[in-house]
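The next block holds one structure in the form of structure tokens; read it before the comments.
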Protein chains: 2
Amino acid sequence: MEMATDIFRDLCQKHGIAMTHQRQVLFETLQSMYGHPSPEDVYVRVKEKVPAISLATVYKNIHLFVDSGLLREVSVHHGTLRVETNQHPHHHLICSECNQITDIDQGELGFTPGRTKLANGFKVERYAVDVIGICPQCQAKQTN
Amino acid sequence: MEMATDIFRDLCQKHGIAMTHQRQVLFETLQSMYGHPSPEDVYVRVKEKVPAISLATVYKNIHLFVDSGLLREVSVHHGTLRVETNQHPHHHLICSECNQITDIDQGELGFTPGRTKLANGFKVERYAVDVIGICPQCQAKQTN
DNA sequence: TTGACGGACGATAATAATTATCGTTCAATA
DNA sequence: TATTGAACGATAATTATTATCGTCCGTCAA
């Protein structure tokens, strides 16, 4: 489960971030966990290896990892409660650059809802699809 | 844009909630808005019609509407920051009863990613699918 | 109509999650 | 190895949300 230090150093270099002891332990800890842990959960686990670490460091580096593509977060949506005003069946386009969320009709997306019962017995009510990518505005900015 | 009071009363009855003036104005206001407003946004708008309304009432009733199915929220997992520990391409099963989130492999879901460029010029990086429904455990509880 | 009851409201205190600040320490590199 | 900016740790501050609690309003029985 241990990752060689120089492998992690390379990984950091590839993603353009500095390598520190805290970051290495944090990353290794994440890889050893299951499911969708909260920063607090991760903090508790990392403390076993680096007792002096601060919760703020965990937050800062999770965000750093996410921003630099080392790590992914469960949902790219707003951190706050948002309500749908669009009554029609639709999905979301989310720009990974500016985080803007735009609605797209189910038909326009070319998405056909799959089965209504999955292998494990999960009963499907509906599908919510997030299309993550770059919006036209941000594409234009990038080429400039 | 106005909704007759007795139509809203019927709607409330159908969903098993009491009808009040604040709820009616809140609901009408939501229907008149676009995009994905925050409770604060909605509060500001509702205040124009009901100046004495409290932000807490807006929160309470948005949740009531969501729970009773009158309204939908943008993301089922907003709330707190969660990180993915699963490196493989996967999607999420979300139980609308107990809110548990389970990973499901893209293949197992039977989902075929669509086009990589959408009509409006949006450049697709990846698709994130949330399957919302009832997990086997909660189905068992319901039949009991 | 009146009186009682329960649920909804408004004001605001409390909590939870996250971010900002700031002095100290560490990692990259010349 | 000395320099220098970035990262760290402690903790204060902020933001979003929820809980509390006294009051008010609508409904129903007398």
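Scheme for the structure tokens: letters A, B, ... for chains in order shown; per-chain residue numbers from 1; ligand numbers from 1 in order shown.
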
Practice task
Please return, as a list in words, all residues of chain C lying within 9 Å of chain B when only C-alpha atoms (C1' of nucleotides) are considered.
Solution key: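 Those within range of chain B come out as DG7, DA8, DC9, DG10, DA11 and DA17 of chain C.
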
Selected residues, N, CA, C and O atoms (P, O5', C5', C4', C3', O3' and C1' of nucleotides), written as a compact mmCIF listing (two decimals), in the first residue's frame, please.
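Writing done, so here's part.txt:
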```txt
# COMPACT_ATOMS: atom_id res chain seq x y z
P DG C 7 -49.46 19.27 14.75
O5' DG C 7 -49.28 19.94 13.32
C5' DG C 7 -50.41 20.33 12.55
C4' DG C 7 -50.12 21.68 11.93
C3' DG C 7 -48.70 21.82 11.38
O3' DG C 7 -48.78 22.46 10.12
C1' DG C 7 -49.14 23.58 12.87
P DA C 8 -47.51 22.57 9.18
O5' DA C 8 -47.29 24.15 9.16
C5' DA C 8 -48.36 24.97 8.72
C4' DA C 8 -47.94 26.41 8.83
C3' DA C 8 -46.54 26.71 8.28
O3' DA C 8 -46.63 27.90 7.49
C1' DA C 8 -46.70 27.42 10.54
P DC C 9 -45.38 28.55 6.85
O5' DC C 9 -45.11 29.75 7.86
C5' DC C 9 -46.17 30.67 8.13
C4' DC C 9 -45.68 31.76 9.05
C3' DC C 9 -44.32 32.33 8.66
O3' DC C 9 -44.42 33.73 8.50
C1' DC C 9 -44.36 31.68 10.96
P DG C 10 -43.17 34.53 7.93
O5' DG C 10 -42.50 35.05 9.27
C5' DG C 10 -43.24 35.92 10.13
C4' DG C 10 -42.32 36.41 11.22
C3' DG C 10 -40.97 36.94 10.74
O3' DG C 10 -40.67 38.10 11.51
C1' DG C 10 -40.63 35.11 12.23
P DA C 11 -39.33 38.92 11.26
O5' DA C 11 -38.47 38.51 12.54
C5' DA C 11 -39.03 38.69 13.85
C4' DA C 11 -38.01 38.25 14.89
C3' DA C 11 -36.57 38.70 14.61
O3' DA C 11 -36.01 39.19 15.81
C1' DA C 11 -36.65 36.34 14.84
P DA C 17 -20.25 18.94 9.59
O5' DA C 17 -19.71 19.95 8.50
C5' DA C 17 -20.60 20.39 7.48
C4' DA C 17 -19.89 21.41 6.64
C3' DA C 17 -18.51 20.96 6.15
O3' DA C 17 -18.51 21.15 4.74
C1' DA C 17 -18.39 23.10 7.21
```

Practice task
Compute the set of chain D residues within 9 Å of chain A, using only C-alpha atoms (C1' of nucleotides), and express it as a list in words.
Solution key: DA6, DA7, DC8, DG9, DA10 and DA16 of chain D

When the cut-off is 6 Å and we count only C-alpha atoms, which residues of chain B are near chain A, given as an mmCIF file with all heavy atoms, in the first residue's frame?
```
data_model
loop_
_atom_site.group_PDB
_atom_site.id
_atom_site.type_symbol
_atom_site.label_atom_id
_atom_site.label_comp_id
_atom_site.auth_asym_id
_atom_site.auth_seq_id
_atom_site.Cartn_x
_atom_site.Cartn_y
_atom_site.Cartn_z
ATOM 1 N N GLN B 31 -41.436 29.388 -9.778
ATOM 2 C CA GLN B 31 -41.829 29.099 -11.160
ATOM 3 C C GLN B 31 -41.489 30.246 -12.096
ATOM 4 O O GLN B 31 -41.351 30.058 -13.298
ATOM 5 C CB GLN B 31 -43.328 28.807 -11.220
ATOM 6 C CG GLN B 31 -43.677 27.477 -10.583
ATOM 7 C CD GLN B 31 -45.037 26.992 -11.015
ATOM 8 O OE1 GLN B 31 -46.005 27.739 -10.994
ATOM 9 N NE2 GLN B 31 -45.108 25.728 -11.415
ATOM 10 N N TYR B 34 -35.416 31.605 -13.295
ATOM 11 C CA TYR B 34 -34.689 30.761 -14.242
ATOM 12 C C TYR B 34 -33.438 30.178 -13.598
ATOM 13 O O TYR B 34 -32.936 30.717 -12.614
ATOM 14 C CB TYR B 34 -34.300 31.572 -15.479
ATOM 15 C CG TYR B 34 -35.496 31.911 -16.324
ATOM 16 C CD1 TYR B 34 -36.129 33.149 -16.185
ATOM 17 C CD2 TYR B 34 -36.006 30.979 -17.224
ATOM 18 C CE1 TYR B 34 -37.255 33.456 -16.951
ATOM 19 C CE2 TYR B 34 -37.132 31.277 -17.983
ATOM 20 C CZ TYR B 34 -37.754 32.509 -17.845
ATOM 21 O OH TYR B 34 -38.861 32.798 -18.583
ATOM 22 N N HIS B 36 -30.799 28.063 -11.555
ATOM 23 C CA HIS B 36 -30.636 27.283 -10.335
ATOM 24 C C HIS B 36 -30.411 28.179 -9.138
ATOM 25 O O HIS B 36 -29.312 28.233 -8.582
ATOM 26 C CB HIS B 36 -29.467 26.314 -10.508
ATOM 27 C CG HIS B 36 -29.501 25.567 -11.803
ATOM 28 N ND1 HIS B 36 -28.651 25.840 -12.847
ATOM 29 C CD2 HIS B 36 -30.322 24.578 -12.243
ATOM 30 C CE1 HIS B 36 -28.939 25.036 -13.862
ATOM 31 N NE2 HIS B 36 -29.936 24.264 -13.534
ATOM 32 N N PRO B 37 -31.456 28.885 -8.735
ATOM 33 C CA PRO B 37 -31.301 29.886 -7.667
ATOM 34 C C PRO B 37 -31.023 29.276 -6.301
ATOM 35 O O PRO B 37 -31.449 28.158 -6.005
ATOM 36 C CB PRO B 37 -32.640 30.614 -7.667
ATOM 37 C CG PRO B 37 -33.610 29.635 -8.242
ATOM 38 C CD PRO B 37 -32.831 28.846 -9.249
ATOM 39 N N SER B 38 -30.302 30.020 -5.492
ATOM 40 C CA SER B 38 -30.040 29.630 -4.107
ATOM 41 C C SER B 38 -31.207 30.079 -3.232
ATOM 42 O O SER B 38 -31.992 30.948 -3.631
ATOM 43 C CB SER B 38 -28.763 30.300 -3.620
ATOM 44 O OG SER B 38 -28.965 31.698 -3.504
ATOM 45 N N ARG B 72 -37.664 19.991 -7.224
ATOM 46 C CA ARG B 72 -36.480 19.143 -7.295
ATOM 47 C C ARG B 72 -35.249 19.989 -7.018
ATOM 48 O O ARG B 72 -35.202 21.155 -7.391
ATOM 49 C CB ARG B 72 -36.410 18.558 -8.705
ATOM 50 C CG ARG B 72 -35.372 17.518 -8.896
ATOM 51 C CD ARG B 72 -35.617 16.740 -10.168
ATOM 52 N NE ARG B 72 -36.667 15.722 -9.985
ATOM 53 C CZ ARG B 72 -37.112 14.941 -10.942
ATOM 54 N NH1 ARG B 72 -36.637 15.056 -12.161
ATOM 55 N NH2 ARG B 72 -38.049 14.049 -10.696
ATOM 56 N N GLU B 73 -34.260 19.409 -6.356
ATOM 57 C CA GLU B 73 -33.032 20.172 -6.184
ATOM 58 C C GLU B 73 -32.019 19.783 -7.252
ATOM 59 O O GLU B 73 -32.101 18.710 -7.847
ATOM 60 C CB GLU B 73 -32.462 20.072 -4.769
ATOM 61 C CG GLU B 73 -32.052 18.703 -4.329
ATOM 62 C CD GLU B 73 -31.420 18.721 -2.917
ATOM 63 O OE1 GLU B 73 -30.514 19.536 -2.697
ATOM 64 O OE2 GLU B 73 -31.848 17.924 -2.074
ATOM 65 N N VAL B 74 -31.074 20.677 -7.505
ATOM 66 C CA VAL B 74 -30.162 20.498 -8.636
ATOM 67 C C VAL B 74 -29.268 19.279 -8.448
ATOM 68 O O VAL B 74 -29.113 18.469 -9.345
ATOM 69 C CB VAL B 74 -29.292 21.758 -8.851
ATOM 70 C CG1 VAL B 74 -28.251 21.523 -9.932
ATOM 71 C CG2 VAL B 74 -30.175 22.937 -9.219
ATOM 72 N N HIS B 78 -25.293 17.717 -2.693
ATOM 73 C CA HIS B 78 -24.593 19.006 -2.557
ATOM 74 C C HIS B 78 -23.871 18.953 -1.217
ATOM 75 O O HIS B 78 -22.962 18.217 -1.087
ATOM 76 C CB HIS B 78 -25.562 20.188 -2.751
ATOM 77 C CG HIS B 78 -26.494 20.415 -1.633
ATOM 78 N ND1 HIS B 78 -27.661 19.730 -1.501
ATOM 79 C CD2 HIS B 78 -26.416 21.229 -0.568
ATOM 80 C CE1 HIS B 78 -28.273 20.133 -0.398
ATOM 81 N NE2 HIS B 78 -27.541 21.028 0.186
ATOM 82 N N GLY B 79 -24.259 19.728 -0.249
ATOM 83 C CA GLY B 79 -23.742 19.483 1.092
ATOM 84 C C GLY B 79 -22.250 19.618 1.291
ATOM 85 O O GLY B 79 -21.712 20.699 1.217
ATOM 86 N N ARG B 82 -16.767 15.664 -0.791
ATOM 87 C CA ARG B 82 -16.444 14.240 -0.750
ATOM 88 C C ARG B 82 -15.492 13.904 -1.880
ATOM 89 O O ARG B 82 -15.672 14.404 -2.978
ATOM 90 C CB ARG B 82 -17.716 13.393 -0.900
ATOM 91 C CG ARG B 82 -18.713 13.592 0.217
ATOM 92 C CD ARG B 82 -18.094 13.257 1.546
ATOM 93 N NE ARG B 82 -18.993 13.496 2.652
ATOM 94 C CZ ARG B 82 -19.480 12.532 3.415
ATOM 95 N NH1 ARG B 82 -19.148 11.268 3.186
ATOM 96 N NH2 ARG B 82 -20.271 12.835 4.414
ATOM 97 N N VAL B 83 -14.545 13.049 -1.602
ATOM 98 C CA VAL B 83 -13.590 12.686 -2.640
ATOM 99 C C VAL B 83 -13.776 11.243 -3.089
ATOM 100 O O VAL B 83 -14.199 10.390 -2.321
ATOM 101 C CB VAL B 83 -12.133 12.900 -2.158
ATOM 102 C CG1 VAL B 83 -11.867 14.374 -1.990
ATOM 103 C CG2 VAL B 83 -11.866 12.153 -0.880
ATOM 104 N N GLU B 84 -13.447 10.995 -4.345
ATOM 105 C CA GLU B 84 -13.523 9.660 -4.919
ATOM 106 C C GLU B 84 -12.268 8.893 -4.553
ATOM 107 O O GLU B 84 -11.154 9.383 -4.741
ATOM 108 C CB GLU B 84 -13.588 9.740 -6.449
ATOM 109 C CG GLU B 84 -14.844 10.348 -7.001
ATOM 110 C CD GLU B 84 -16.039 9.422 -6.895
ATOM 111 O OE1 GLU B 84 -15.886 8.304 -6.368
ATOM 112 O OE2 GLU B 84 -17.123 9.840 -7.324
ATOM 113 N N THR B 85 -12.438 7.679 -4.071
ATOM 114 C CA THR B 85 -11.293 6.808 -3.845
ATOM 115 C C THR B 85 -11.241 5.753 -4.946
ATOM 116 O O THR B 85 -10.230 5.081 -5.109
ATOM 117 C CB THR B 85 -11.390 6.111 -2.481
ATOM 118 O OG1 THR B 85 -12.577 5.321 -2.447
ATOM 119 C CG2 THR B 85 -11.421 7.130 -1.360
ATOM 120 N N GLY B 121 -21.783 23.563 -29.072
ATOM 121 C CA GLY B 121 -20.345 23.789 -29.061
ATOM 122 C C GLY B 121 -19.655 23.384 -27.776
ATOM 123 O O GLY B 121 -18.454 23.572 -27.621
ATOM 124 N N PHE B 122 -20.421 22.830 -26.840
ATOM 125 C CA PHE B 122 -19.841 22.386 -25.576
ATOM 126 C C PHE B 122 -18.927 21.188 -25.822
ATOM 127 O O PHE B 122 -19.332 20.207 -26.448
ATOM 128 C CB PHE B 122 -20.967 22.008 -24.614
ATOM 129 C CG PHE B 122 -20.531 21.754 -23.197
ATOM 130 C CD1 PHE B 122 -20.526 22.783 -22.270
ATOM 131 C CD2 PHE B 122 -20.156 20.474 -22.784
ATOM 132 C CE1 PHE B 122 -20.142 22.555 -20.954
ATOM 133 C CE2 PHE B 122 -19.758 20.241 -21.471
ATOM 134 C CZ PHE B 122 -19.755 21.285 -20.565
ATOM 135 N N LYS B 123 -17.693 21.253 -25.343
ATOM 136 C CA LYS B 123 -16.732 20.160 -25.554
ATOM 137 C C LYS B 123 -16.765 19.197 -24.373
ATOM 138 O O LYS B 123 -16.413 19.576 -23.251
ATOM 139 C CB LYS B 123 -15.320 20.723 -25.729
ATOM 140 C CG LYS B 123 -14.298 19.665 -26.129
ATOM 141 C CD LYS B 123 -13.012 20.288 -26.653
ATOM 142 C CE LYS B 123 -12.134 20.798 -25.519
ATOM 143 N NZ LYS B 123 -10.940 21.517 -26.009
ATOM 144 N N VAL B 124 -17.174 17.962 -24.628
ATOM 145 C CA VAL B 124 -17.384 16.991 -23.552
ATOM 146 C C VAL B 124 -16.077 16.358 -23.102
ATOM 147 O O VAL B 124 -15.283 15.905 -23.932
ATOM 148 C CB VAL B 124 -18.347 15.884 -24.005
ATOM 149 C CG1 VAL B 124 -18.529 14.856 -22.902
ATOM 150 C CG2 VAL B 124 -19.676 16.465 -24.430
ATOM 151 N N GLU B 125 -15.849 16.356 -21.810
ATOM 152 C CA GLU B 125 -14.700 15.628 -21.261
ATOM 153 C C GLU B 125 -15.135 14.256 -20.748
ATOM 154 O O GLU B 125 -14.505 13.248 -21.012
ATOM 155 C CB GLU B 125 -14.068 16.418 -20.102
ATOM 156 C CG GLU B 125 -13.291 17.639 -20.572
ATOM 157 C CD GLU B 125 -12.843 18.530 -19.427
ATOM 158 O OE1 GLU B 125 -13.284 18.315 -18.276
ATOM 159 O OE2 GLU B 125 -12.052 19.459 -19.679
ATOM 160 N N ARG B 126 -16.214 14.260 -19.985
ATOM 161 C CA ARG B 126 -16.718 12.988 -19.468
ATOM 162 C C ARG B 126 -18.162 13.136 -19.033
ATOM 163 O O ARG B 126 -18.662 14.253 -18.874
ATOM 164 C CB ARG B 126 -15.861 12.503 -18.292
ATOM 165 C CG ARG B 126 -15.932 13.403 -17.090
ATOM 166 C CD ARG B 126 -14.956 12.959 -16.014
ATOM 167 N NE ARG B 126 -14.950 13.873 -14.881
ATOM 168 C CZ ARG B 126 -15.701 13.728 -13.792
ATOM 169 N NH1 ARG B 126 -16.529 12.702 -13.697
ATOM 170 N NH2 ARG B 126 -15.640 14.593 -12.809
ATOM 171 N N TYR B 127 -18.808 11.988 -18.825
ATOM 172 C CA TYR B 127 -20.175 11.967 -18.328
ATOM 173 C C TYR B 127 -20.174 11.441 -16.905
ATOM 174 O O TYR B 127 -19.460 10.495 -16.586
ATOM 175 C CB TYR B 127 -21.037 11.053 -19.191
ATOM 176 C CG TYR B 127 -21.358 11.620 -20.561
ATOM 177 C CD1 TYR B 127 -20.440 11.532 -21.601
ATOM 178 C CD2 TYR B 127 -22.572 12.232 -20.802
ATOM 179 C CE1 TYR B 127 -20.731 12.050 -22.858
ATOM 180 C CE2 TYR B 127 -22.871 12.758 -22.054
ATOM 181 C CZ TYR B 127 -21.955 12.664 -23.079
ATOM 182 O OH TYR B 127 -22.243 13.175 -24.311
ATOM 183 N N ALA B 128 -20.954 12.076 -16.053
ATOM 184 C CA ALA B 128 -21.136 11.585 -14.690
ATOM 185 C C ALA B 128 -22.619 11.309 -14.497
ATOM 186 O O ALA B 128 -23.441 12.224 -14.554
ATOM 187 C CB ALA B 128 -20.651 12.619 -13.682
ATOM 188 N N VAL B 129 -22.954 10.039 -14.310
ATOM 189 C CA VAL B 129 -24.365 9.662 -14.217
ATOM 190 C C VAL B 129 -24.738 9.318 -12.779
ATOM 191 O O VAL B 129 -24.078 8.505 -12.144
ATOM 192 C CB VAL B 129 -24.661 8.447 -15.122
ATOM 193 C CG1 VAL B 129 -26.128 8.065 -15.022
ATOM 194 C CG2 VAL B 129 -24.274 8.748 -16.560
ATOM 195 N N ASP B 130 -25.772 9.964 -12.283
ATOM 196 C CA ASP B 130 -26.361 9.578 -11.007
ATOM 197 C C ASP B 130 -27.642 8.823 -11.295
ATOM 198 O O ASP B 130 -28.537 9.342 -11.964
ATOM 199 C CB ASP B 130 -26.708 10.807 -10.174
ATOM 200 C CG ASP B 130 -25.455 11.493 -9.642
ATOM 201 O OD1 ASP B 130 -24.399 10.842 -9.582
ATOM 202 O OD2 ASP B 130 -25.552 12.681 -9.280
ATOM 203 N N VAL B 131 -27.705 7.591 -10.791
ATOM 204 C CA VAL B 131 -28.940 6.828 -10.915
ATOM 205 C C VAL B 131 -29.687 6.991 -9.603
ATOM 206 O O VAL B 131 -29.205 6.555 -8.556
ATOM 207 C CB VAL B 131 -28.655 5.341 -11.177
ATOM 208 C CG1 VAL B 131 -29.960 4.602 -11.414
ATOM 209 C CG2 VAL B 131 -27.710 5.174 -12.349
ATOM 210 N N ILE B 132 -30.828 7.625 -9.671
ATOM 211 C CA ILE B 132 -31.582 7.870 -8.445
ATOM 212 C C ILE B 132 -32.721 6.864 -8.365
ATOM 213 O O ILE B 132 -33.435 6.630 -9.349
ATOM 214 C CB ILE B 132 -32.103 9.314 -8.428
ATOM 215 C CG1 ILE B 132 -30.894 10.244 -8.284
ATOM 216 C CG2 ILE B 132 -33.058 9.535 -7.279
ATOM 217 C CD1 ILE B 132 -30.900 11.397 -9.196
ATOM 218 N N GLY B 133 -32.866 6.269 -7.188
ATOM 219 C CA GLY B 133 -33.888 5.236 -7.029
ATOM 220 C C GLY B 133 -33.909 4.698 -5.616
ATOM 221 O O GLY B 133 -33.530 5.397 -4.689
ATOM 222 N N ILE B 134 -34.344 3.453 -5.482
ATOM 223 C CA ILE B 134 -34.452 2.844 -4.160
ATOM 224 C C ILE B 134 -33.510 1.641 -4.082
ATOM 225 O O ILE B 134 -33.585 0.745 -4.913
ATOM 226 C CB ILE B 134 -35.896 2.370 -3.864
ATOM 227 C CG1 ILE B 134 -36.923 3.445 -4.234
ATOM 228 C CG2 ILE B 134 -36.032 1.951 -2.409
ATOM 229 C CD1 ILE B 134 -37.024 4.569 -3.270
ATOM 230 N N CYS B 135 -32.673 1.660 -3.049
ATOM 231 C CA CYS B 135 -31.727 0.562 -2.887
ATOM 232 C C CYS B 135 -32.456 -0.691 -2.371
ATOM 233 O O CYS B 135 -33.546 -0.584 -1.815
ATOM 234 C CB CYS B 135 -30.605 0.967 -1.936
ATOM 235 S SG CYS B 135 -31.092 1.100 -0.207
ATOM 236 N N PRO B 136 -31.863 -1.860 -2.561
ATOM 237 C CA PRO B 136 -32.498 -3.113 -2.139
ATOM 238 C C PRO B 136 -32.918 -3.108 -0.665
ATOM 239 O O PRO B 136 -34.016 -3.548 -0.328
ATOM 240 C CB PRO B 136 -31.405 -4.155 -2.391
ATOM 241 C CG PRO B 136 -30.592 -3.577 -3.487
ATOM 242 C CD PRO B 136 -30.591 -2.101 -3.256
#
```

Practice task
Please give the root-mean-square deviation of the Cα atoms once chain B has been least-squares fitted onto chain A, pairing every Cα in order.
Solution key: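 It comes to 0.4 Å after superposition.
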
Mind checking DSSP for segment 104-135 of chain B and telling me the alpha helix (DSSP H) residues as a short mmCIF file (atom, residue, chain, number, x, y, z; two decimals) with C-alpha atoms, in the first residue's frame?
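Contents of states_28.cif, as written:
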```cif
data_model
loop_
_atom_site.label_atom_id
_atom_site.label_comp_id
_atom_site.auth_asym_id
_atom_site.auth_seq_id
_atom_site.Cartn_x
_atom_site.Cartn_y
_atom_site.Cartn_z
CA GLN B 106 -19.73 2.19 -16.30
CA GLY B 107 -20.07 -1.15 -18.05
CA GLU B 108 -22.39 -2.63 -15.47
CA LEU B 109 -24.65 0.39 -15.82
#
```

Exercise for the section: Might you pull out every residue within 12 Å of DT3 of chain D, with only C-alpha atoms (C1' of nucleotides) counted and same-chain residues fewer than 3 positions away left off, and present them as a PyMOL selection string? Expected result: chain C and resi 27-30

Residues from last step as file, all heavy atoms, as a compact mmCIF listing (two decimals), in the first residue's frame:
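Writing the result to part.txt gives the following:
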```txt
# COMPACT_ATOMS: atom_id res chain seq x y z
P DA C 27 10.39 19.36 3.65
OP1 DA C 27 9.53 18.16 3.69
OP2 DA C 27 11.77 19.32 4.18
O5' DA C 27 10.42 19.88 2.15
C5' DA C 27 9.22 20.29 1.52
C4' DA C 27 9.54 20.93 0.19
O4' DA C 27 10.15 22.24 0.41
C3' DA C 27 10.51 20.16 -0.69
O3' DA C 27 10.08 20.35 -2.03
C2' DA C 27 11.85 20.81 -0.40
C1' DA C 27 11.45 22.27 -0.15
N9 DA C 27 12.26 23.01 0.80
C8 DA C 27 12.86 22.56 1.95
N7 DA C 27 13.49 23.49 2.63
C5 DA C 27 13.26 24.65 1.89
C6 DA C 27 13.66 25.99 2.08
N6 DA C 27 14.37 26.41 3.12
N1 DA C 27 13.28 26.88 1.14
C2 DA C 27 12.55 26.46 0.10
N3 DA C 27 12.12 25.23 -0.18
C4 DA C 27 12.51 24.37 0.76
P DA C 28 10.76 19.59 -3.23
OP1 DA C 28 9.69 19.02 -4.08
OP2 DA C 28 11.83 18.74 -2.70
O5' DA C 28 11.39 20.81 -4.04
C5' DA C 28 10.53 21.74 -4.69
C4' DA C 28 11.35 22.85 -5.30
O4' DA C 28 12.06 23.56 -4.26
C3' DA C 28 12.41 22.39 -6.31
O3' DA C 28 12.41 23.31 -7.38
C2' DA C 28 13.69 22.43 -5.51
C1' DA C 28 13.45 23.60 -4.56
N9 DA C 28 14.15 23.55 -3.28
C8 DA C 28 14.36 22.47 -2.46
N7 DA C 28 15.00 22.75 -1.35
C5 DA C 28 15.21 24.12 -1.43
C6 DA C 28 15.83 25.04 -0.57
N6 DA C 28 16.37 24.69 0.61
N1 DA C 28 15.87 26.34 -0.94
C2 DA C 28 15.32 26.69 -2.11
N3 DA C 28 14.71 25.91 -3.01
C4 DA C 28 14.69 24.63 -2.61
P DT C 29 13.12 22.95 -8.77
OP1 DT C 29 12.18 23.26 -9.85
OP2 DT C 29 13.74 21.60 -8.64
O5' DT C 29 14.31 24.01 -8.82
C5' DT C 29 14.14 25.34 -8.33
C4' DT C 29 15.50 25.96 -8.10
O4' DT C 29 15.90 25.81 -6.71
C3' DT C 29 16.62 25.31 -8.93
O3' DT C 29 17.56 26.31 -9.27
C2' DT C 29 17.27 24.38 -7.93
C1' DT C 29 17.22 25.31 -6.71
N1 DT C 29 17.50 24.68 -5.40
C2 DT C 29 17.94 25.49 -4.37
O2 DT C 29 18.09 26.69 -4.50
N3 DT C 29 18.19 24.84 -3.20
C4 DT C 29 18.08 23.47 -2.95
O4 DT C 29 18.34 23.02 -1.85
C5 DT C 29 17.62 22.69 -4.07
C7 DT C 29 17.46 21.21 -3.91
C6 DT C 29 17.36 23.32 -5.23
P DA C 30 17.97 26.62 -10.75
OP1 DA C 30 16.75 27.13 -11.40
OP2 DA C 30 18.71 25.49 -11.35
O5' DA C 30 18.97 27.84 -10.54
C5' DA C 30 18.55 28.96 -9.77
C4' DA C 30 19.68 29.41 -8.86
O4' DA C 30 19.81 28.49 -7.75
C3' DA C 30 21.05 29.42 -9.55
O3' DA C 30 21.76 30.58 -9.14
C2' DA C 30 21.75 28.17 -9.04
C1' DA C 30 21.15 28.04 -7.64
N9 DA C 30 21.09 26.67 -7.14
C8 DA C 30 20.73 25.53 -7.81
N7 DA C 30 20.76 24.43 -7.07
C5 DA C 30 21.17 24.89 -5.83
C6 DA C 30 21.40 24.23 -4.61
N6 DA C 30 21.23 22.91 -4.44
N1 DA C 30 21.82 24.98 -3.56
C2 DA C 30 21.98 26.30 -3.73
N3 DA C 30 21.79 27.04 -4.83
C4 DA C 30 21.39 26.26 -5.85
```

Handout entry: Residues within 10 Å of DT21 of chain C, only C-alpha atoms (C1' of nucleotides), excluding chain neighbours under 4 positions, as a list in words
Key = DT11, DA12 and DA13 of chain D

Take the residues from that selection and write them out as a PDB file, in the first residue's frame, keeping N, CA, C and O atoms (P, O5', C5', C4', C3', O3' and C1' of nucleotides).
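Output below, filename part.pdb:
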```
ATOM      1  P    DT D  11      -4.261  26.894  18.900  1.00  0.00           P
ATOM      2  O5'  DT D  11      -5.214  27.936  18.145  1.00  0.00           O
ATOM      3  C5'  DT D  11      -4.683  29.200  17.738  1.00  0.00           C
ATOM      4  C4'  DT D  11      -5.689  29.895  16.857  1.00  0.00           C
ATOM      5  C3'  DT D  11      -7.153  29.745  17.315  1.00  0.00           C
ATOM      6  O3'  DT D  11      -7.792  30.989  17.127  1.00  0.00           O
ATOM      7  C1'  DT D  11      -6.985  29.288  15.076  1.00  0.00           C
ATOM      8  P    DA D  12      -8.798  31.585  18.201  1.00  0.00           P
ATOM      9  O5'  DA D  12      -9.197  32.943  17.474  1.00  0.00           O
ATOM     10  C5'  DA D  12      -8.183  33.692  16.789  1.00  0.00           C
ATOM     11  C4'  DA D  12      -8.789  34.318  15.549  1.00  0.00           C
ATOM     12  C3'  DA D  12     -10.220  34.802  15.740  1.00  0.00           C
ATOM     13  O3'  DA D  12     -10.350  36.061  15.072  1.00  0.00           O
ATOM     14  C1'  DA D  12     -10.167  33.180  14.007  1.00  0.00           C
ATOM     15  P    DA D  13     -11.789  36.761  14.931  1.00  0.00           P
ATOM     16  O5'  DA D  13     -12.279  36.249  13.514  1.00  0.00           O
ATOM     17  C5'  DA D  13     -11.460  36.478  12.371  1.00  0.00           C
ATOM     18  C4'  DA D  13     -12.248  36.130  11.133  1.00  0.00           C
ATOM     19  C3'  DA D  13     -13.681  36.646  11.141  1.00  0.00           C
ATOM     20  O3'  DA D  13     -13.890  37.282   9.894  1.00  0.00           O
ATOM     21  C1'  DA D  13     -13.658  34.293  10.765  1.00  0.00           C
TER      22       DA D  13
END
```

Closest contacts (chain C/segment 18-27 of chain D, max 8 Å, only C-alpha atoms (C1' of nucleotides)) as CSV:
```
residue,atom,partner,partner_atom,distance
C:DC9,C1',D:DC24,C1',7.6
C:DA13,C1',D:DT20,C1',7.8
C:DA14,C1',D:DA19,C1',7.2
C:DT15,C1',D:DT18,C1',7.4
```

Print the selection's residues with N, CA, C and O atoms (P, O5', C5', C4', C3', O3' and C1' of nucleotides) to a file, as a short mmCIF file (atom, residue, chain, number, x, y, z; two decimals), in the first residue's frame.
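Saved result, selection14.cif, follows:
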```cif
data_model
loop_
_atom_site.label_atom_id
_atom_site.label_comp_id
_atom_site.auth_asym_id
_atom_site.auth_seq_id
_atom_site.Cartn_x
_atom_site.Cartn_y
_atom_site.Cartn_z
P DC C 9 -45.38 28.55 6.85
"O5'" DC C 9 -45.11 29.75 7.86
"C5'" DC C 9 -46.17 30.67 8.13
"C4'" DC C 9 -45.68 31.76 9.05
"C3'" DC C 9 -44.32 32.33 8.66
"O3'" DC C 9 -44.42 33.73 8.50
"C1'" DC C 9 -44.36 31.68 10.96
P DA C 13 -29.71 36.44 18.81
"O5'" DA C 13 -29.31 35.17 19.69
"C5'" DA C 13 -30.33 34.43 20.38
"C4'" DA C 13 -29.99 32.95 20.35
"C3'" DA C 13 -28.51 32.67 20.51
"O3'" DA C 13 -28.38 31.54 21.38
"C1'" DA C 13 -29.27 31.78 18.45
P DA C 14 -26.93 30.86 21.62
"O5'" DA C 14 -26.89 29.69 20.55
"C5'" DA C 14 -27.93 28.71 20.56
"C4'" DA C 14 -27.55 27.61 19.60
"C3'" DA C 14 -26.11 27.14 19.71
"O3'" DA C 14 -26.13 25.73 19.78
"C1'" DA C 14 -26.60 27.76 17.47
P DT C 15 -24.73 24.92 19.93
"O5'" DT C 15 -24.52 24.41 18.44
"C5'" DT C 15 -25.58 23.70 17.80
"C4'" DT C 15 -25.17 23.44 16.39
"C3'" DT C 15 -23.79 22.83 16.24
"O3'" DT C 15 -23.97 21.58 15.60
"C1'" DT C 15 -24.12 24.60 14.69
#
```
